[in-house]
Amino acid sequence: MNQDVMLVTGAGQISMAIARRVGYGKKIILGDKSLEQAQAVARTMTEAGFDVEVYEMDLASRQSIKGMIAFGQGFGEIKYLVNGAGVSPSQASIETILKVDLYGTAVLLEEVGKVVGKGGAGITISSQSGHRMSALTAEQDEALAMTPTEELLAIDFLQVDQIKDSLHAYQLAKRANEKRTMAEAVKWGKRGARINDIAPGIVVTPLAIDEFNGIRGDFYKNMFAKSPAGRPGTADEIANVAELLMSDRASFITGSTVLIDGGATASYFYGPLRPGKEKE
């Protein structure tokens with residue numbers, strides 16, 4: 001029996017929360033570089049009544065992405081995408097962040113956009129980090145949005161000697177995710193489908209808990225303590241917005257980014273998180 005297929009990349013808490021919220025009755029293809037992690041999440045979801053298949057997928061590889069898409073098409077039409085895959089600045093080098101988070105996401109949106117069915121919808125997960133850096137020029141933004149995917153990593157300002165550290169690389173990658181989502185929304189629209197971006201702030205996940213207890217723990221705790229919400233978020237709160245964006249109620253929303261960070265970005269620019277504010 002042909003089913004509507006939902007591709008989910010990244011077997012983490014946010015991906016799982018979204019898939020559980022909107023994936024019932026669909027064939028869910030869960031892809032992750034760690035097959036073991038994907039199998040563990042799939043087992044939890046299957047035991048809760050969801051129809052899940054796993055696929056070992058590397059977001060940094062076009063061949064791997066195309067393989068996952070082809071695998072999903074074996075069950076039916078690709079109608080939905082949830083992209084929660086990626087690496088963090090404390091996990092990876094500048095080169096890896098650009099290859100996975102920037103290039104890989106661009107390829108995924110491009111390849112799914114070639115096959116997504118009419119009425120389909122997608123979500124990619126970026127980060128508040130894309131909002132916490134100096135504004136790029138219009139030409140730089142356009143380059144992130146429009147450069148052919150196989151030429152992205154050759155852009156001059158994405159060269160290693162132009163990037164301060166892994167956090168800066170992560171910020172650029174997440175800014176690129178948002179610009180790429182805008183550009184791809186135009187292409188997806190020709191197929192009658194929509195794609196949007198969610199930029200979460202600090203969300204409690206196993207990785208975040210490790211960060212809270214690590215060398216940058218005080219930095220993160222200070223960030224959410226001095227945001228208007230005064231706390232970190234949860235994966236289910238991200239799923240609340242994803243559920244809306246992937247439903248017919250959001251049929252007029254595409255190419256957008258929704259910032260969900262408890263006001264941390266607002267505080268960074270205009271409140272107690274503003275750089276230098278604590279020294280005043």
# chains A, B, ... in the order shown; residues from 1 in each chain; ligands from 1
$ residues_around --residues "Ile97 of chain A" --least-positions-apart "5" --cutoff "8 Å" --atoms "only C-alpha atoms" --output "VMD selection string"
chain A and resid 86 to 89 92 102 166 169 to 170 173
$ write_last_selection --atoms "all heavy atoms" --output "PDB file, in the first residue's frame"
ATOM      1  N   GLY A  86      22.486  17.545  12.172  1.00  0.00           N
ATOM      2  CA  GLY A  86      23.531  18.564  12.203  1.00  0.00           C
ATOM      3  C   GLY A  86      24.522  18.304  13.318  1.00  0.00           C
ATOM      4  O   GLY A  86      24.395  17.341  14.084  1.00  0.00           O
ATOM      5  N   VAL A  87      25.535  19.147  13.382  1.00  0.00           N
ATOM      6  CA  VAL A  87      26.557  19.048  14.419  1.00  0.00           C
ATOM      7  C   VAL A  87      26.625  20.380  15.155  1.00  0.00           C
ATOM      8  O   VAL A  87      26.170  21.402  14.647  1.00  0.00           O
ATOM      9  CB  VAL A  87      27.932  18.693  13.827  1.00  0.00           C
ATOM     10  CG1 VAL A  87      27.920  17.290  13.244  1.00  0.00           C
ATOM     11  CG2 VAL A  87      28.356  19.703  12.761  1.00  0.00           C
ATOM     12  N   SER A  88      27.189  20.363  16.347  1.00  0.00           N
ATOM     13  CA  SER A  88      27.268  21.587  17.149  1.00  0.00           C
ATOM     14  C   SER A  88      28.702  22.111  17.127  1.00  0.00           C
ATOM     15  O   SER A  88      29.641  21.379  16.828  1.00  0.00           O
ATOM     16  CB  SER A  88      26.845  21.300  18.592  1.00  0.00           C
ATOM     17  OG  SER A  88      27.885  20.630  19.282  1.00  0.00           O
ATOM     18  N   PRO A  89      28.871  23.407  17.462  1.00  0.00           N
ATOM     19  CA  PRO A  89      30.221  23.978  17.435  1.00  0.00           C
ATOM     20  C   PRO A  89      31.176  23.362  18.443  1.00  0.00           C
ATOM     21  O   PRO A  89      32.392  23.461  18.285  1.00  0.00           O
ATOM     22  CB  PRO A  89      29.981  25.468  17.729  1.00  0.00           C
ATOM     23  CG  PRO A  89      28.627  25.532  18.340  1.00  0.00           C
ATOM     24  CD  PRO A  89      27.849  24.410  17.749  1.00  0.00           C
ATOM     25  N   ALA A  92      32.453  19.732  16.550  1.00  0.00           N
ATOM     26  CA  ALA A  92      33.056  19.567  15.230  1.00  0.00           C
ATOM     27  C   ALA A  92      33.951  20.740  14.845  1.00  0.00           C
ATOM     28  O   ALA A  92      33.897  21.819  15.433  1.00  0.00           O
ATOM     29  CB  ALA A  92      31.944  19.402  14.199  1.00  0.00           C
ATOM     30  N   LEU A 102      25.853  23.375   6.595  1.00  0.00           N
ATOM     31  CA  LEU A 102      25.610  24.331   5.512  1.00  0.00           C
ATOM     32  C   LEU A 102      25.373  23.605   4.184  1.00  0.00           C
ATOM     33  O   LEU A 102      24.271  23.630   3.636  1.00  0.00           O
ATOM     34  CB  LEU A 102      26.781  25.309   5.415  1.00  0.00           C
ATOM     35  CG  LEU A 102      26.561  26.559   4.532  1.00  0.00           C
ATOM     36  CD1 LEU A 102      27.391  27.730   5.050  1.00  0.00           C
ATOM     37  CD2 LEU A 102      26.920  26.287   3.077  1.00  0.00           C
ATOM     38  N   SER A 166      34.819  27.686  15.417  1.00  0.00           N
ATOM     39  CA  SER A 166      33.713  26.795  15.067  1.00  0.00           C
ATOM     40  C   SER A 166      32.349  27.433  15.338  1.00  0.00           C
ATOM     41  O   SER A 166      31.383  27.159  14.628  1.00  0.00           O
ATOM     42  CB  SER A 166      33.838  25.463  15.822  1.00  0.00           C
ATOM     43  OG  SER A 166      33.793  25.671  17.224  1.00  0.00           O
ATOM     44  N   ALA A 169      31.570  29.576  12.397  1.00  0.00           N
ATOM     45  CA  ALA A 169      31.177  28.696  11.290  1.00  0.00           C
ATOM     46  C   ALA A 169      29.733  28.237  11.455  1.00  0.00           C
ATOM     47  O   ALA A 169      28.960  28.187  10.489  1.00  0.00           O
ATOM     48  CB  ALA A 169      32.110  27.490  11.231  1.00  0.00           C
ATOM     49  N   TYR A 170      29.363  27.913  12.683  1.00  0.00           N
ATOM     50  CA  TYR A 170      28.004  27.460  12.986  1.00  0.00           C
ATOM     51  C   TYR A 170      27.001  28.581  12.712  1.00  0.00           C
ATOM     52  O   TYR A 170      25.933  28.345  12.136  1.00  0.00           O
ATOM     53  CB  TYR A 170      27.956  27.030  14.450  1.00  0.00           C
ATOM     54  CG  TYR A 170      26.669  26.385  14.893  1.00  0.00           C
ATOM     55  CD1 TYR A 170      26.357  25.078  14.528  1.00  0.00           C
ATOM     56  CD2 TYR A 170      25.776  27.065  15.722  1.00  0.00           C
ATOM     57  CE1 TYR A 170      25.185  24.478  14.959  1.00  0.00           C
ATOM     58  CE2 TYR A 170      24.601  26.470  16.159  1.00  0.00           C
ATOM     59  CZ  TYR A 170      24.316  25.167  15.774  1.00  0.00           C
ATOM     60  OH  TYR A 170      23.163  24.569  16.208  1.00  0.00           O
ATOM     61  N   ALA A 173      26.574  28.876   9.022  1.00  0.00           N
ATOM     62  CA  ALA A 173      25.810  27.743   8.501  1.00  0.00           C
ATOM     63  C   ALA A 173      24.324  27.934   8.763  1.00  0.00           C
ATOM     64  O   ALA A 173      23.482  27.669   7.890  1.00  0.00           O
ATOM     65  CB  ALA A 173      26.314  26.443   9.116  1.00  0.00           C
TER      66      ALA A 173
END
$ select_by_dssp --residues "segment 52-259 of chain A" --states "strand (DSSP E or B)" --output "ChimeraX atom specification"
/A:52-56,78-83,121-125,194-200,203,233,257-259
$ residues_around --residues "segment 10-25 of chain A" --least-positions-apart "3" --cutoff "10 Å" --atoms "only C-alpha atoms" --output "number ranges by chain"
A: 3-7, 28, 30-42, 44-45, 48-52, 54, 57-59, 80-87, 123-125, 200, 203-207, 234-244, 246-247
$ write_last_selection --atoms "C-alpha atoms" --output "tab-separated table (two decimals), in the first residue's frame"
chain	number	residue	atom	x	y	z
A	3	GLN	CA	1.62	5.82	1.91
A	4	ASP	CA	2.53	9.46	2.30
A	5	VAL	CA	6.19	9.40	3.28
A	6	MET	CA	7.87	11.66	5.83
A	7	LEU	CA	11.65	11.90	5.73
A	28	ILE	CA	8.37	7.71	8.58
A	30	LEU	CA	14.31	8.08	10.01
A	31	GLY	CA	17.84	8.79	8.81
A	32	ASP	CA	20.90	9.30	10.96
A	33	LYS	CA	24.64	8.81	10.61
A	34	SER	CA	24.41	6.57	13.69
A	35	LEU	CA	22.27	3.59	12.73
A	36	GLU	CA	22.24	2.53	16.37
A	37	GLN	CA	20.77	5.86	17.46
A	38	ALA	CA	18.17	5.75	14.69
A	39	GLN	CA	17.16	2.22	15.66
A	40	ALA	CA	16.75	3.23	19.30
A	41	VAL	CA	14.45	6.13	18.41
A	42	ALA	CA	12.55	4.01	15.88
A	44	THR	CA	10.49	3.91	20.92
A	45	MET	CA	8.21	5.32	18.22
A	48	ALA	CA	3.99	3.99	20.51
A	49	GLY	CA	2.15	3.04	17.30
A	50	PHE	CA	4.14	4.83	14.60
A	51	ASP	CA	5.28	3.26	11.33
A	52	VAL	CA	9.04	3.84	11.19
A	54	VAL	CA	15.51	3.50	9.62
A	57	MET	CA	22.32	8.56	6.25
A	58	ASP	CA	25.18	11.06	6.15
A	59	LEU	CA	23.94	14.62	5.66
A	80	TYR	CA	7.03	15.73	4.24
A	81	LEU	CA	10.51	16.55	5.46
A	82	VAL	CA	11.79	17.17	8.97
A	83	ASN	CA	15.48	18.05	8.92
A	84	GLY	CA	16.91	17.97	12.43
A	85	ALA	CA	20.36	16.63	11.52
A	86	GLY	CA	23.53	18.56	12.20
A	87	VAL	CA	26.56	19.05	14.42
A	123	ILE	CA	10.78	21.96	8.19
A	124	THR	CA	14.48	22.50	8.63
A	125	ILE	CA	15.93	23.20	12.05
A	200	PRO	CA	15.45	27.23	18.24
A	203	VAL	CA	16.41	23.35	24.13
A	204	VAL	CA	16.85	20.64	26.75
A	205	THR	CA	18.25	17.55	25.03
A	206	PRO	CA	20.91	15.03	26.06
A	207	LEU	CA	23.49	17.11	24.19
A	234	THR	CA	11.73	21.78	25.33
A	235	ALA	CA	11.58	19.74	22.15
A	236	ASP	CA	7.79	19.63	22.46
A	237	GLU	CA	7.64	23.42	22.32
A	238	ILE	CA	9.51	23.30	19.01
A	239	ALA	CA	7.10	20.61	17.84
A	240	ASN	CA	4.16	22.89	18.68
A	241	VAL	CA	5.30	25.33	16.00
A	242	ALA	CA	6.38	22.63	13.56
A	243	GLU	CA	2.91	21.09	13.79
A	244	LEU	CA	1.38	24.39	12.73
A	246	MET	CA	3.36	21.54	8.45
A	247	SER	CA	-0.44	21.73	8.59
$ residues_around --residues "segment 268-273 of chain A" --least-positions-apart "4" --cutoff "10 Å" --atoms "only C-alpha atoms" --output "VMD selection string"
chain A and resid 131 to 132 222 to 228 263 to 264 277 to 278
$ write_last_selection --atoms "N, CA and C atoms" --output "short mmCIF file (atom, residue, chain, number, x, y, z; two decimals), in the first residue's frame"
data_model
loop_
_atom_site.label_atom_id
_atom_site.label_comp_id
_atom_site.auth_asym_id
_atom_site.auth_seq_id
_atom_site.Cartn_x
_atom_site.Cartn_y
_atom_site.Cartn_z
N HIS A 131 21.10 34.38 14.13
CA HIS A 131 20.64 35.74 14.38
C HIS A 131 21.61 36.53 15.26
N ARG A 132 22.61 35.85 15.78
CA ARG A 132 23.49 36.51 16.75
C ARG A 132 24.88 36.75 16.17
N ASN A 222 23.68 31.28 31.88
CA ASN A 222 23.51 32.73 31.90
C ASN A 222 22.60 33.19 30.78
N MET A 223 22.73 32.54 29.62
CA MET A 223 21.93 32.94 28.47
C MET A 223 20.44 32.75 28.74
N PHE A 224 20.06 31.57 29.22
CA PHE A 224 18.62 31.40 29.40
C PHE A 224 18.12 32.10 30.67
N ALA A 225 18.99 32.27 31.67
CA ALA A 225 18.56 32.97 32.89
C ALA A 225 18.25 34.44 32.60
N LYS A 226 18.96 35.04 31.63
CA LYS A 226 18.79 36.46 31.32
C LYS A 226 17.94 36.70 30.08
N SER A 227 17.27 35.66 29.63
CA SER A 227 16.30 35.84 28.54
C SER A 227 14.93 36.10 29.16
N PRO A 228 14.00 36.69 28.43
CA PRO A 228 12.68 36.97 28.99
C PRO A 228 11.97 35.75 29.55
N GLY A 263 13.19 34.52 23.81
CA GLY A 263 13.60 35.91 23.83
C GLY A 263 15.08 36.15 24.03
N ALA A 264 15.90 35.08 23.93
CA ALA A 264 17.33 35.24 24.15
C ALA A 264 17.96 36.19 23.13
N LYS A 277 27.17 44.70 28.29
CA LYS A 277 26.17 45.21 29.21
C LYS A 277 26.56 44.94 30.66
N GLU A 278 27.09 43.71 30.89
CA GLU A 278 27.42 43.36 32.26
C GLU A 278 28.60 44.16 32.82
#
$ select_by_dssp --residues "segment 125-264 of chain A" --states "alpha helix (DSSP H)" --output "VMD selection string"
chain A and resid 138 to 146 166 to 189 206 to 212 217 to 225 235 to 245 264
$ closest_residue --among "A:Gly74, A:Gly255, A:Gly262, A:Pro275" --to "Thr181 of chain A" --atoms "only C-alpha atoms"
A:Gly255
$ residues_around --residues "Ile155 of chain A" --least-positions-apart "2" --cutoff "12 Å" --atoms "only C-alpha atoms" --output "MDAnalysis selection string"
chainID A and resid 98 102:103 139:153 157:160 162 172 176
$ closest_residue --among "A:Ser61, A:Thr265, A:Ser90, A:Gln73" --to "Arg216 of chain A" --atoms "only C-alpha atoms"
A:Ser90
$ atom_distance --atom1 "atom CA of Ala250 of chain A" --atom2 "atom CA of Lys118 of chain A"
14.8 Å
$ closest_residue --among "A:Ile78, A:Ala154, A:Ala199, A:Val100" --to "Gly117 of chain A" --atoms "only C-alpha atoms"
A:Ile78
$ atom_distance --atom1 "atom CA of Val112 of chain A" --atom2 "atom CA of Ser127 of chain A"
21.1 Å
$ closest_residue --among "A:Ile29, A:Leu109, A:Ala208, A:Ile94" --to "Gly76 of chain A" --atoms "only C-alpha atoms"
A:Ile29
$ atom_distance --atom1 "atom CA of Ser93 of chain A" --atom2 "atom CA of Gln171 of chain A"
13.2 Å
